[in-house]
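Undergrad: Structure file start_24.txt, compact mmCIF, C-alpha atoms, is pasted below:
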```txt
# COMPACT_ATOMS: atom_id res chain seq x y z
CA MET O 1 30.85 14.72 -33.22
CA SER O 2 31.89 14.21 -36.87
CA ARG O 3 35.28 15.83 -36.28
CA PHE O 4 36.29 12.83 -34.18
CA LEU O 5 35.42 10.26 -36.85
CA PRO O 6 38.18 9.29 -39.26
CA LYS O 7 37.87 10.32 -42.91
CA VAL O 8 36.93 7.25 -44.96
CA PRO O 9 37.65 7.11 -48.70
CA PRO O 10 34.45 6.83 -50.80
CA TRP O 11 35.47 3.52 -52.39
CA ILE O 12 35.63 1.66 -49.06
CA SER O 13 31.88 1.06 -48.70
CA PRO O 14 31.28 -0.48 -52.14
CA VAL O 15 34.34 -2.70 -51.81
CA ALA O 16 33.29 -3.84 -48.34
CA ILE O 17 29.76 -4.60 -49.56
CA GLY O 18 31.18 -6.54 -52.52
CA VAL O 19 33.41 -8.61 -50.26
CA LEU O 20 30.48 -9.32 -47.92
CA VAL O 21 28.26 -10.39 -50.82
CA LEU O 22 30.93 -12.76 -52.15
CA LEU O 23 31.57 -14.18 -48.68
CA PHE O 24 27.86 -14.73 -48.20
CA ALA O 25 27.51 -16.40 -51.60
CA PHE O 26 30.32 -18.86 -51.13
CA THR O 27 29.84 -19.70 -47.46
CA GLN O 28 26.11 -20.44 -47.61
CA ASP O 29 24.93 -23.90 -48.54
CA SER O 30 21.31 -23.17 -47.66
CA PHE O 31 19.10 -22.76 -50.73
CA TYR O 32 16.65 -20.76 -48.64
CA ARG O 33 19.21 -18.15 -47.58
CA LEU O 34 20.59 -17.80 -51.09
CA GLN O 35 17.05 -17.41 -52.44
CA LEU O 36 16.33 -14.68 -49.89
CA GLY O 37 19.56 -12.92 -50.82
CA THR O 38 18.70 -13.15 -54.51
CA LEU O 39 15.22 -11.75 -53.97
CA SER O 40 16.74 -8.98 -51.85
CA GLY O 41 18.99 -8.07 -54.76
CA ILE O 42 16.09 -8.02 -57.22
CA TYR O 43 14.07 -5.77 -54.93
CA ALA O 44 17.17 -3.62 -54.35
CA VAL O 45 17.20 -2.78 -58.06
CA ALA O 46 13.54 -1.73 -57.82
CA ALA O 47 14.34 0.32 -54.69
CA ILE O 48 17.19 2.10 -56.48
CA GLY O 49 14.72 3.07 -59.20
CA LEU O 50 12.31 4.39 -56.60
CA THR O 51 15.14 6.32 -54.95
CA LEU O 52 15.90 8.01 -58.25
CA LEU O 53 12.25 8.85 -58.73
CA PHE O 54 11.50 10.02 -55.18
CA GLY O 55 14.85 11.48 -54.19
CA ALA O 56 16.23 12.94 -57.38
CA ALA O 57 13.08 13.86 -59.30
CA GLY O 58 10.77 14.49 -56.34
CA GLN O 59 7.91 12.51 -57.88
CA ILE O 60 5.75 10.04 -56.03
CA SER O 61 5.07 6.99 -58.17
CA LEU O 62 3.40 3.95 -56.70
CA GLY O 63 3.19 1.88 -59.88
CA GLN O 64 6.73 0.49 -59.91
CA ALA O 65 5.54 -2.94 -58.77
CA GLY O 66 3.22 -3.12 -61.78
CA LEU O 67 6.08 -2.46 -64.17
CA LEU O 68 8.26 -5.02 -62.40
CA GLY O 69 5.38 -7.49 -62.64
CA ILE O 70 4.89 -6.87 -66.36
CA ALA O 71 8.53 -7.73 -66.99
CA ALA O 72 8.40 -10.80 -64.73
CA PHE O 73 5.13 -12.22 -66.09
CA GLY O 74 6.14 -11.39 -69.66
CA THR O 75 9.40 -13.27 -69.26
CA ALA O 76 7.64 -16.30 -67.79
CA TYR O 77 4.97 -16.29 -70.51
CA LEU O 78 7.42 -15.96 -73.40
CA THR O 79 9.74 -18.59 -71.96
CA VAL O 80 7.19 -21.25 -70.99
CA ASP O 81 4.31 -20.78 -73.42
CA ARG O 82 6.09 -19.39 -76.49
CA GLY O 83 9.41 -21.24 -76.19
CA LEU O 84 11.72 -18.24 -76.42
CA GLY O 85 15.06 -18.33 -74.63
CA PRO O 86 15.19 -16.75 -71.18
CA VAL O 87 17.55 -13.94 -72.24
CA LEU O 88 15.55 -12.95 -75.32
CA SER O 89 12.25 -13.14 -73.44
CA GLY O 90 13.75 -11.01 -70.65
CA VAL O 91 14.86 -8.34 -73.12
CA VAL O 92 11.45 -8.34 -74.86
CA SER O 93 9.63 -8.17 -71.51
CA ILE O 94 11.79 -5.31 -70.24
CA ALA O 95 11.11 -3.45 -73.50
CA ALA O 96 7.37 -4.06 -73.04
CA ALA O 97 7.48 -2.79 -69.45
CA THR O 98 9.41 0.26 -70.67
CA VAL O 99 6.75 0.99 -73.31
CA VAL O 100 3.96 0.60 -70.73
CA GLY O 101 5.87 2.90 -68.37
CA LEU O 102 6.30 5.49 -71.12
CA LEU O 103 2.59 5.31 -71.98
CA LEU O 104 1.66 5.65 -68.32
CA GLY O 105 4.03 8.59 -67.95
CA TRP O 106 2.82 10.23 -71.15
CA SER O 107 -0.81 9.95 -70.07
CA ALA O 108 0.02 11.40 -66.66
CA LEU O 109 2.14 14.32 -67.89
CA ARG O 110 -0.45 16.95 -67.01
CA ILE O 111 -1.23 15.44 -63.64
CA THR O 112 0.79 16.68 -60.66
CA GLY O 113 0.94 16.24 -56.94
CA HIS O 114 -1.37 13.77 -55.25
CA TYR O 115 -3.24 12.99 -58.46
CA PHE O 116 -0.08 11.64 -60.10
CA ALA O 117 0.45 9.38 -57.11
CA LEU O 118 -3.17 8.20 -57.35
CA VAL O 119 -2.85 7.38 -61.08
CA THR O 120 0.28 5.34 -60.51
CA LEU O 121 -1.25 3.66 -57.45
CA ALA O 122 -4.30 2.70 -59.52
CA PHE O 123 -2.01 1.20 -62.18
CA GLY O 124 -0.08 -0.80 -59.60
CA LEU O 125 -3.30 -2.05 -57.97
CA CYS O 126 -4.81 -3.03 -61.32
CA PHE O 127 -1.78 -5.11 -62.15
CA THR O 128 -1.71 -6.66 -58.69
CA GLU O 129 -5.38 -7.63 -58.99
CA LEU O 130 -4.84 -9.00 -62.48
CA GLY O 131 -1.92 -11.11 -61.26
CA ARG O 132 -3.89 -12.36 -58.29
CA THR O 133 -6.97 -13.39 -60.30
CA VAL O 134 -5.38 -14.65 -63.54
CA LEU O 135 -2.24 -16.29 -62.14
CA PRO O 136 -2.77 -16.87 -58.43
CA GLU O 137 -0.17 -19.64 -58.24
CA GLY O 138 2.47 -18.23 -60.56
CA TRP O 139 3.99 -19.92 -63.59
CA TYR O 140 5.41 -23.42 -63.54
CA GLY O 141 8.13 -24.76 -65.78
CA VAL O 142 10.25 -21.63 -66.17
CA PRO O 143 13.72 -22.92 -67.09
CA PRO O 144 16.80 -21.67 -65.26
CA LEU O 145 18.55 -18.72 -66.82
CA ALA O 146 21.57 -19.52 -68.98
CA ILE O 147 23.75 -16.89 -70.65
CA GLY O 148 25.89 -18.67 -73.21
CA SER O 149 27.78 -21.42 -71.40
CA LEU O 150 27.11 -19.83 -67.98
CA ASP O 151 24.32 -21.81 -66.35
CA LEU O 152 22.59 -19.76 -63.65
CA GLY O 153 20.52 -22.65 -62.34
CA ASP O 154 23.01 -22.84 -59.46
CA PRO O 155 21.72 -20.59 -56.63
CA GLN O 156 25.21 -19.30 -55.78
CA ARG O 157 25.95 -18.20 -59.35
CA PHE O 158 22.54 -16.59 -59.70
CA PHE O 159 23.02 -14.77 -56.38
CA VAL O 160 26.35 -13.34 -57.54
CA VAL O 161 24.96 -12.27 -60.95
CA VAL O 162 21.98 -10.54 -59.33
CA TRP O 163 24.26 -8.62 -56.98
CA VAL O 164 26.54 -7.67 -59.89
CA PHE O 165 23.44 -6.13 -61.48
CA VAL O 166 22.69 -4.33 -58.21
CA ALA O 167 26.21 -2.88 -58.26
CA LEU O 168 25.87 -1.83 -61.91
CA THR O 169 22.50 -0.23 -61.15
CA LEU O 170 24.04 1.70 -58.25
CA VAL O 171 26.90 2.92 -60.43
CA ALA O 172 24.52 3.91 -63.25
CA SER O 173 22.19 5.78 -60.88
CA SER O 174 25.12 7.55 -59.24
CA LEU O 175 26.44 8.63 -62.64
CA LEU O 176 22.95 9.74 -63.68
CA VAL O 177 22.45 11.88 -60.58
CA ARG O 178 25.85 13.52 -61.06
CA SER O 179 25.32 14.16 -64.79
CA ARG O 180 23.99 17.36 -66.27
CA PHE O 181 20.59 15.73 -66.92
CA GLY O 182 20.50 14.34 -63.38
CA ARG O 183 21.15 17.74 -61.87
CA SER O 184 18.41 19.25 -64.02
CA ILE O 185 15.71 16.90 -62.70
CA ALA O 186 16.60 17.51 -59.06
```
Once more with this new file: its structure as structure tokens, please.

TA:
Amino acid sequence: MSRFLPKVPPWISPVAIGVLVLLFAFTQDSFYRLQLGTLSGIYAVAAIGLTLLFGAAGQISLGQAGLLGIAAFGTAYLTVDRGLGPVLSGVVSIAAATVVGLLLGWSALRITGHYFALVTLAFGLCFTELGRTVLPEGWYGVPPLAIGSLDLGDPQRFFVVVWVFVALTLVASSLLVRSRFGRSIA
């Protein structure tokens, strides 16, 4: 069956997806659709991380949502309650989530198989329960993201920036998998 299909260059798919994302961004005037597309991009980055973990490394980790939540809640807290800028609070929160992830990984180094999955699931559930009981309605007053003179309060701009990050994450994960280190973890 595959001998009848034409040979497609590998760069066609990313270019086609990029064109479709740009067309979607600039033809939609619905805030709801742009918000859904933006959330899809944010969750796509998390899914790419899970793909690296499951597919390349062969590990089952169910605590990714907890780490994503630590970065999200940390950014909201530092921006609203402590008055830091959105970019600086995002960097600090990502660093905090990275440290928590390293501590979780370090503590689970000797655990393998189903037990590793259970430890990470317990972490994810603890964070979910903490978020549900402490902040059941989320955080109000988070200002729109602005990077220099680029104001990302506009849903179309934010949509495009999120999908640029999705593309960069895809490129980085592809380079990681093809690197010497990436081949060693497979």

Undergrad: Counting all atoms listed in the file, which residues of segment 55-102 of chain O fall within 8 Å of segment 127-143 of chain O, and what is the closest atom pair for each with its distance in Å at one decimal, ordered by chain and rising number, as CSV?

TA:
```
residue,atom,partner,partner_atom,distance
O:Gly66,CA,O:Phe127,CA,5.4
O:Gly69,CA,O:Phe127,CA,7.6
O:Ala76,CA,O:Val142,CA,6.2
O:Tyr77,CA,O:Trp139,CA,7.9
O:Thr79,CA,O:Val142,CA,6.6
O:Val80,CA,O:Val142,CA,5.7
O:Pro86,CA,O:Pro143,CA,7.5
```

Undergrad: How many Å separate atom CA of Val166 of chain O from atom CA of Ala44 of chain O?

TA: 6.8 Å

Undergrad: So what do you get for atom CA of Ile42 of chain O versus atom CA of Ser89 of chain O, distance-wise?

TA: 17.4 Å

Undergrad: Mind checking which residues fall within 9 Å of segment 154-158 of chain O, counting all atoms listed in the file, ignoring those fewer than 3 positions away in the same chain, and posting them as a list in words?

TA: Ala25, Phe26, Gln28, Asp29, Phe31, Leu34, Gln35, Thr38, Pro144, Leu145, Leu150, Asp151, Val161, Val162 and Trp163 of chain O

Undergrad: List as a list in words the protein and nucleic acid residues near segment 176-186 of chain O, meaning an atom at most 10 Å away when all atoms listed in the file are counted, but skip any in the same chain fewer than 4 places from it.

TA: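 Selected residues are Leu52, Leu53, Phe54, Gly55, Ala56, Ala57, Gly58, Leu170, Val171 and Ala172 of chain O.
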
Undergrad: Near Ala65 of chain O, counting all atoms listed in the file, which residues have an atom at most 10 Å away, once you skip same-chain residues fewer than 2 positions from it, shown as an mmCIF file with C-alpha atoms, keeping the file's coordinate frame?

TA:
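Result file around.cif:
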```cif
data_model
loop_
_atom_site.group_PDB
_atom_site.id
_atom_site.type_symbol
_atom_site.label_atom_id
_atom_site.label_comp_id
_atom_site.auth_asym_id
_atom_site.auth_seq_id
_atom_site.Cartn_x
_atom_site.Cartn_y
_atom_site.Cartn_z
ATOM 1 C CA TYR O 43 14.070 -5.770 -54.930
ATOM 2 C CA ALA O 46 13.540 -1.730 -57.820
ATOM 3 C CA SER O 61 5.070 6.990 -58.170
ATOM 4 C CA LEU O 62 3.400 3.950 -56.700
ATOM 5 C CA GLY O 63 3.190 1.880 -59.880
ATOM 6 C CA LEU O 67 6.080 -2.460 -64.170
ATOM 7 C CA LEU O 68 8.260 -5.020 -62.400
ATOM 8 C CA GLY O 69 5.380 -7.490 -62.640
ATOM 9 C CA ILE O 70 4.890 -6.870 -66.360
ATOM 10 C CA ALA O 71 8.530 -7.730 -66.990
ATOM 11 C CA THR O 120 0.280 5.340 -60.510
ATOM 12 C CA LEU O 121 -1.250 3.660 -57.450
ATOM 13 C CA PHE O 123 -2.010 1.200 -62.180
ATOM 14 C CA GLY O 124 -0.080 -0.800 -59.600
ATOM 15 C CA LEU O 125 -3.300 -2.050 -57.970
ATOM 16 C CA PHE O 127 -1.780 -5.110 -62.150
ATOM 17 C CA THR O 128 -1.710 -6.660 -58.690
#
```

Undergrad: Just to confirm, what's the straight-line distance from atom CA of Ala117 of chain O to atom CA of Ile48 of chain O in Å (one decimal)?

TA: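 Computing it gives 18.3 Å between the two atoms.
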
Undergrad: If we count all atoms listed in the file, what is near Val119 of chain O at a cut-off of 12 Å, once residues fewer than 6 positions away on the same chain are taken out, given as a short mmCIF file (atom, residue, chain, number, x, y, z; two decimals) with C-alpha atoms, keeping the file's coordinate frame?

TA:
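around_11.cif was written with the following content:
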```
data_model
loop_
_atom_site.label_atom_id
_atom_site.label_comp_id
_atom_site.auth_asym_id
_atom_site.auth_seq_id
_atom_site.Cartn_x
_atom_site.Cartn_y
_atom_site.Cartn_z
CA ILE O 60 5.75 10.04 -56.03
CA SER O 61 5.07 6.99 -58.17
CA LEU O 62 3.40 3.95 -56.70
CA GLY O 63 3.19 1.88 -59.88
CA GLN O 64 6.73 0.49 -59.91
CA LEU O 104 1.66 5.65 -68.32
CA GLY O 105 4.03 8.59 -67.95
CA TRP O 106 2.82 10.23 -71.15
CA SER O 107 -0.81 9.95 -70.07
CA ALA O 108 0.02 11.40 -66.66
CA LEU O 109 2.14 14.32 -67.89
CA ARG O 110 -0.45 16.95 -67.01
CA ILE O 111 -1.23 15.44 -63.64
CA THR O 112 0.79 16.68 -60.66
CA GLY O 113 0.94 16.24 -56.94
CA LEU O 125 -3.30 -2.05 -57.97
CA CYS O 126 -4.81 -3.03 -61.32
#
```

Undergrad: Rank O:Gly153, O:Gly49, O:Gly41, O:Gly90 by their smallest atom-to-atom distance to Phe73 of chain O, using all atoms listed in the file, and report the top residue only.

TA: O:Gly90
